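Report on one structure; see the data block that follows.
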Amino acid sequence: MPADQLLDCRPPLRWLLEMAKAAGIQMIRIWGGGLIETDDFYQICDELGIMVWQDFPIGNSDSPDWPLDVWQAMVVMNVFRLRNHPRWAVWCGGNEFNPYSFGNTAVIGVVERAVNLFDGTRVFRRTSPDEGSIHTYPDMDPTWYQHLYGLVPFIAETGIHSFPEARLLRELCNEEEFAPRSPASLSRLRRRAPDLRQHFVEYNPQRVPRMIARASHIADVSAPSLETLVEASQIAAGEFYQVLSDVTQANCL
């Protein structure tokens, strides 16, 4: 995702990347459904020694109607703009689309040709996931990773869902939407909680129950307040990432 959806994150950008370095992050992926970042972003990554995986802005869909002359000009311009950054690691066509479908072969062919012609020193991937990597969100069982790592060369995207800070939700959403509700009803609030749905994009019938199931061992979520639900889901997410980090480290040794 972009560092800031409003595209005005220049002052805290260094702070954001310094936090990533302090957390031990060695490579940052610029997601294909978003945008290509500003020059400041890449320059700071060079200074801090953070590698960059750069998706082009293709995300989760076919692109048969794209004007190829405009697309080629954009691709070539950005390859020339970015290829001399020493921390550059990977070029990628985009996120979770089929690069071999009839609708995408032309646009991904433009990307592959430009990268090979003008910057043949970096790894190029047509999409993520592809060729030995997967995107997976097994919310329920973090020990699953212990079995997966022996079979999959690279997990390119993973994670767990949790609610954002309760104070921020109360600032943005109608207070009536936060009356205590049971977990069963939370997954059916798409019509009755339009503000919450708008400001929390993961709020859907498939993901909310799984998130609440993990939070249920932290607190009683039979009819939770917003604050209880937020805190429990965030703690559960933190535990998930701790287990993931431990397993990752163990498999790298």
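Chains: A, B, ... in order of the structure tokens. Residues: from 1 per chain. Ligands: from 1, in order shown.
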Point to revise | Residue list (alpha helix (DSSP H), DSSP) for region 5-251 of chain A, as a ChimeraX atom specification | key: /A:13-22,39-48,68-82,105-118,144-148,166-172,183-186,194-199,207-215,226-251
Practice item. Please provide the set of residues having any atom within 8 Å of region 197-199 of chain A, restricted to only C-alpha atoms, with same-chain residues fewer than 4 positions apart removed, written as a ChimeraX atom specification. Key: /A:169,172-173,190,193,203-204
Go through region 23-105 of chain A and flag each residue having an atom no more than 10 Å from region 113-118 of chain A; for those, report the closest pair of atoms plus their distance in Å to one decimal, using only C-alpha atoms, ordered by chain and rising number, as CSV.
```
residue,atom,partner,partner_atom,distance
A:Gln72,CA,A:Ala114,CA,8.1
A:Ala73,CA,A:Ala114,CA,9.9
A:Val75,CA,A:Ala114,CA,7.1
A:Val76,CA,A:Ala114,CA,6.0
A:Met77,CA,A:Ala114,CA,9.7
A:Asn78,CA,A:Ala114,CA,10.0
A:Val79,CA,A:Val115,CA,6.8
A:Phe80,CA,A:Phe118,CA,7.3
A:Arg83,CA,A:Phe118,CA,8.2
A:Trp91,CA,A:Val115,CA,7.7
A:Cys92,CA,A:Val115,CA,9.6
```
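The shortest atom-to-atom distance to Ala232 (chain A), with only C-alpha atoms taken into account, belongs to A:His161 out of A:Arg207, A:Arg170, A:His161, A:Arg122.
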Exercise for review: Would you mind reading off the distance between CA of Asp46 (chain A) and CA of Met19 (chain A), one decimal, in Å?
Suggested key: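 Taking CA of Asp46 (chain A) as the start and CA of Met19 (chain A) as the end point, the length is 14.9 Å.
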Review point. Any idea what's packed within 12 Å of region 57-67 of chain A, counting only C-alpha atoms, ignoring anything in its chain fewer than 3 positions away? Could you give it as a PyMOL selection string?
Key: chain A and resi 1-2+30-37+54+70-75+78+91-108+110-111+126-129
Residue subset to file, keeping C-alpha atoms, as a PDB file, in the first residue's frame:
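The result, stored in result_34.pdb:
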```
ATOM      1  CA  MET A   1       0.000   0.000   0.000  1.00  0.00           C
ATOM      2  CA  PRO A   2       1.129   3.616  -0.379  1.00  0.00           C
ATOM      3  CA  ILE A  30       5.519  -1.550  -3.271  1.00  0.00           C
ATOM      4  CA  TRP A  31       2.150  -3.223  -3.836  1.00  0.00           C
ATOM      5  CA  GLY A  32       0.786  -3.456  -7.379  1.00  0.00           C
ATOM      6  CA  GLY A  33      -2.687  -2.202  -6.584  1.00  0.00           C
ATOM      7  CA  GLY A  34      -1.218   1.061  -5.310  1.00  0.00           C
ATOM      8  CA  LEU A  35       1.300   3.364  -6.959  1.00  0.00           C
ATOM      9  CA  ILE A  36       4.968   3.908  -7.698  1.00  0.00           C
ATOM     10  CA  GLU A  37       6.425   5.908  -4.817  1.00  0.00           C
ATOM     11  CA  GLN A  54       8.625  -2.770  -6.955  1.00  0.00           C
ATOM     12  CA  VAL A  70       0.645   5.184 -22.890  1.00  0.00           C
ATOM     13  CA  TRP A  71       1.450   2.117 -20.783  1.00  0.00           C
ATOM     14  CA  GLN A  72       4.801   1.585 -22.528  1.00  0.00           C
ATOM     15  CA  ALA A  73       5.777   5.234 -22.038  1.00  0.00           C
ATOM     16  CA  MET A  74       4.990   5.005 -18.320  1.00  0.00           C
ATOM     17  CA  VAL A  75       6.879   1.735 -17.886  1.00  0.00           C
ATOM     18  CA  ASN A  78       9.925   4.613 -14.508  1.00  0.00           C
ATOM     19  CA  TRP A  91      10.736  -5.731 -10.570  1.00  0.00           C
ATOM     20  CA  CYS A  92       7.244  -7.243 -10.598  1.00  0.00           C
ATOM     21  CA  GLY A  93       4.343  -6.807 -13.010  1.00  0.00           C
ATOM     22  CA  GLY A  94       1.733  -6.448 -10.263  1.00  0.00           C
ATOM     23  CA  ASN A  95      -0.433  -8.090  -7.644  1.00  0.00           C
ATOM     24  CA  GLU A  96      -2.586 -11.220  -7.891  1.00  0.00           C
ATOM     25  CA  PHE A  97      -3.537 -11.230 -11.553  1.00  0.00           C
ATOM     26  CA  ASN A  98      -3.017 -13.849 -14.241  1.00  0.00           C
ATOM     27  CA  PRO A  99      -0.128 -12.646 -16.453  1.00  0.00           C
ATOM     28  CA  TYR A 100      -0.785 -15.491 -18.893  1.00  0.00           C
ATOM     29  CA  SER A 101      -4.421 -14.620 -19.646  1.00  0.00           C
ATOM     30  CA  PHE A 102      -5.403 -13.162 -22.994  1.00  0.00           C
ATOM     31  CA  GLY A 103      -6.309  -9.854 -21.355  1.00  0.00           C
ATOM     32  CA  ASN A 104      -2.919  -9.379 -19.707  1.00  0.00           C
ATOM     33  CA  THR A 105      -0.304 -10.803 -22.070  1.00  0.00           C
ATOM     34  CA  ALA A 106       0.202  -7.519 -23.944  1.00  0.00           C
ATOM     35  CA  VAL A 107       0.641  -5.248 -20.911  1.00  0.00           C
ATOM     36  CA  ILE A 108       2.904  -7.701 -19.077  1.00  0.00           C
ATOM     37  CA  VAL A 110       5.577  -4.460 -22.389  1.00  0.00           C
ATOM     38  CA  VAL A 111       6.859  -4.549 -18.797  1.00  0.00           C
ATOM     39  CA  ARG A 126       5.457 -11.305 -13.942  1.00  0.00           C
ATOM     40  CA  THR A 127       3.168 -11.184 -10.903  1.00  0.00           C
ATOM     41  CA  SER A 128       3.018 -12.049  -7.234  1.00  0.00           C
ATOM     42  CA  PRO A 129       2.308 -14.825  -6.494  1.00  0.00           C
TER      43      PRO A 129
END
```
Review point. Tyr137 (chain A): which residues within 7 Å, counting only C-alpha atoms, same-chain residues fewer than 4 positions away excluded, as a PyMOL selection string?
Key: chain A and resi 158-160
Taking the chain letters and numbering used in this document, name the residues of region 80-148 of chain A that DSSP puts in strand (DSSP E or B), as a PDB file with C-alpha atoms, in the first residue's frame.
```
ATOM      1  CA  TRP A  88      16.698  -1.955  -5.965  1.00  0.00           C
ATOM      2  CA  ALA A  89      16.067  -5.704  -5.825  1.00  0.00           C
ATOM      3  CA  VAL A  90      12.987  -6.917  -7.740  1.00  0.00           C
ATOM      4  CA  TRP A  91      10.736  -5.731 -10.570  1.00  0.00           C
ATOM      5  CA  CYS A  92       7.244  -7.243 -10.598  1.00  0.00           C
ATOM      6  CA  ASN A  95      -0.433  -8.090  -7.644  1.00  0.00           C
ATOM      7  CA  VAL A 123      15.065 -10.143 -10.810  1.00  0.00           C
ATOM      8  CA  PHE A 124      11.814  -9.816 -12.777  1.00  0.00           C
ATOM      9  CA  ARG A 125       8.567 -11.526 -11.778  1.00  0.00           C
ATOM     10  CA  SER A 128       3.018 -12.049  -7.234  1.00  0.00           C
ATOM     11  CA  SER A 133       5.600 -18.135  -4.252  1.00  0.00           C
ATOM     12  CA  ILE A 134       2.157 -17.889  -2.666  1.00  0.00           C
ATOM     13  CA  HIS A 135      -0.113 -15.383  -0.919  1.00  0.00           C
ATOM     14  CA  THR A 136      -1.853 -16.967   2.065  1.00  0.00           C
TER      15      THR A 136
END
```
Please report as a tab-separated table every residue of region 207-245 of chain A lying within 7 Å of region 174-180 of chain A, along with the nearest atom pair and their distance in Å (one decimal), using only C-alpha atoms.
```
residue	atom	partner	partner_atom	distance
A:Ala223	CA	A:Pro180	CA	5.1
A:Pro224	CA	A:Pro180	CA	5.2
A:Ser225	CA	A:Pro180	CA	5.0
A:Leu226	CA	A:Phe178	CA	6.0
```
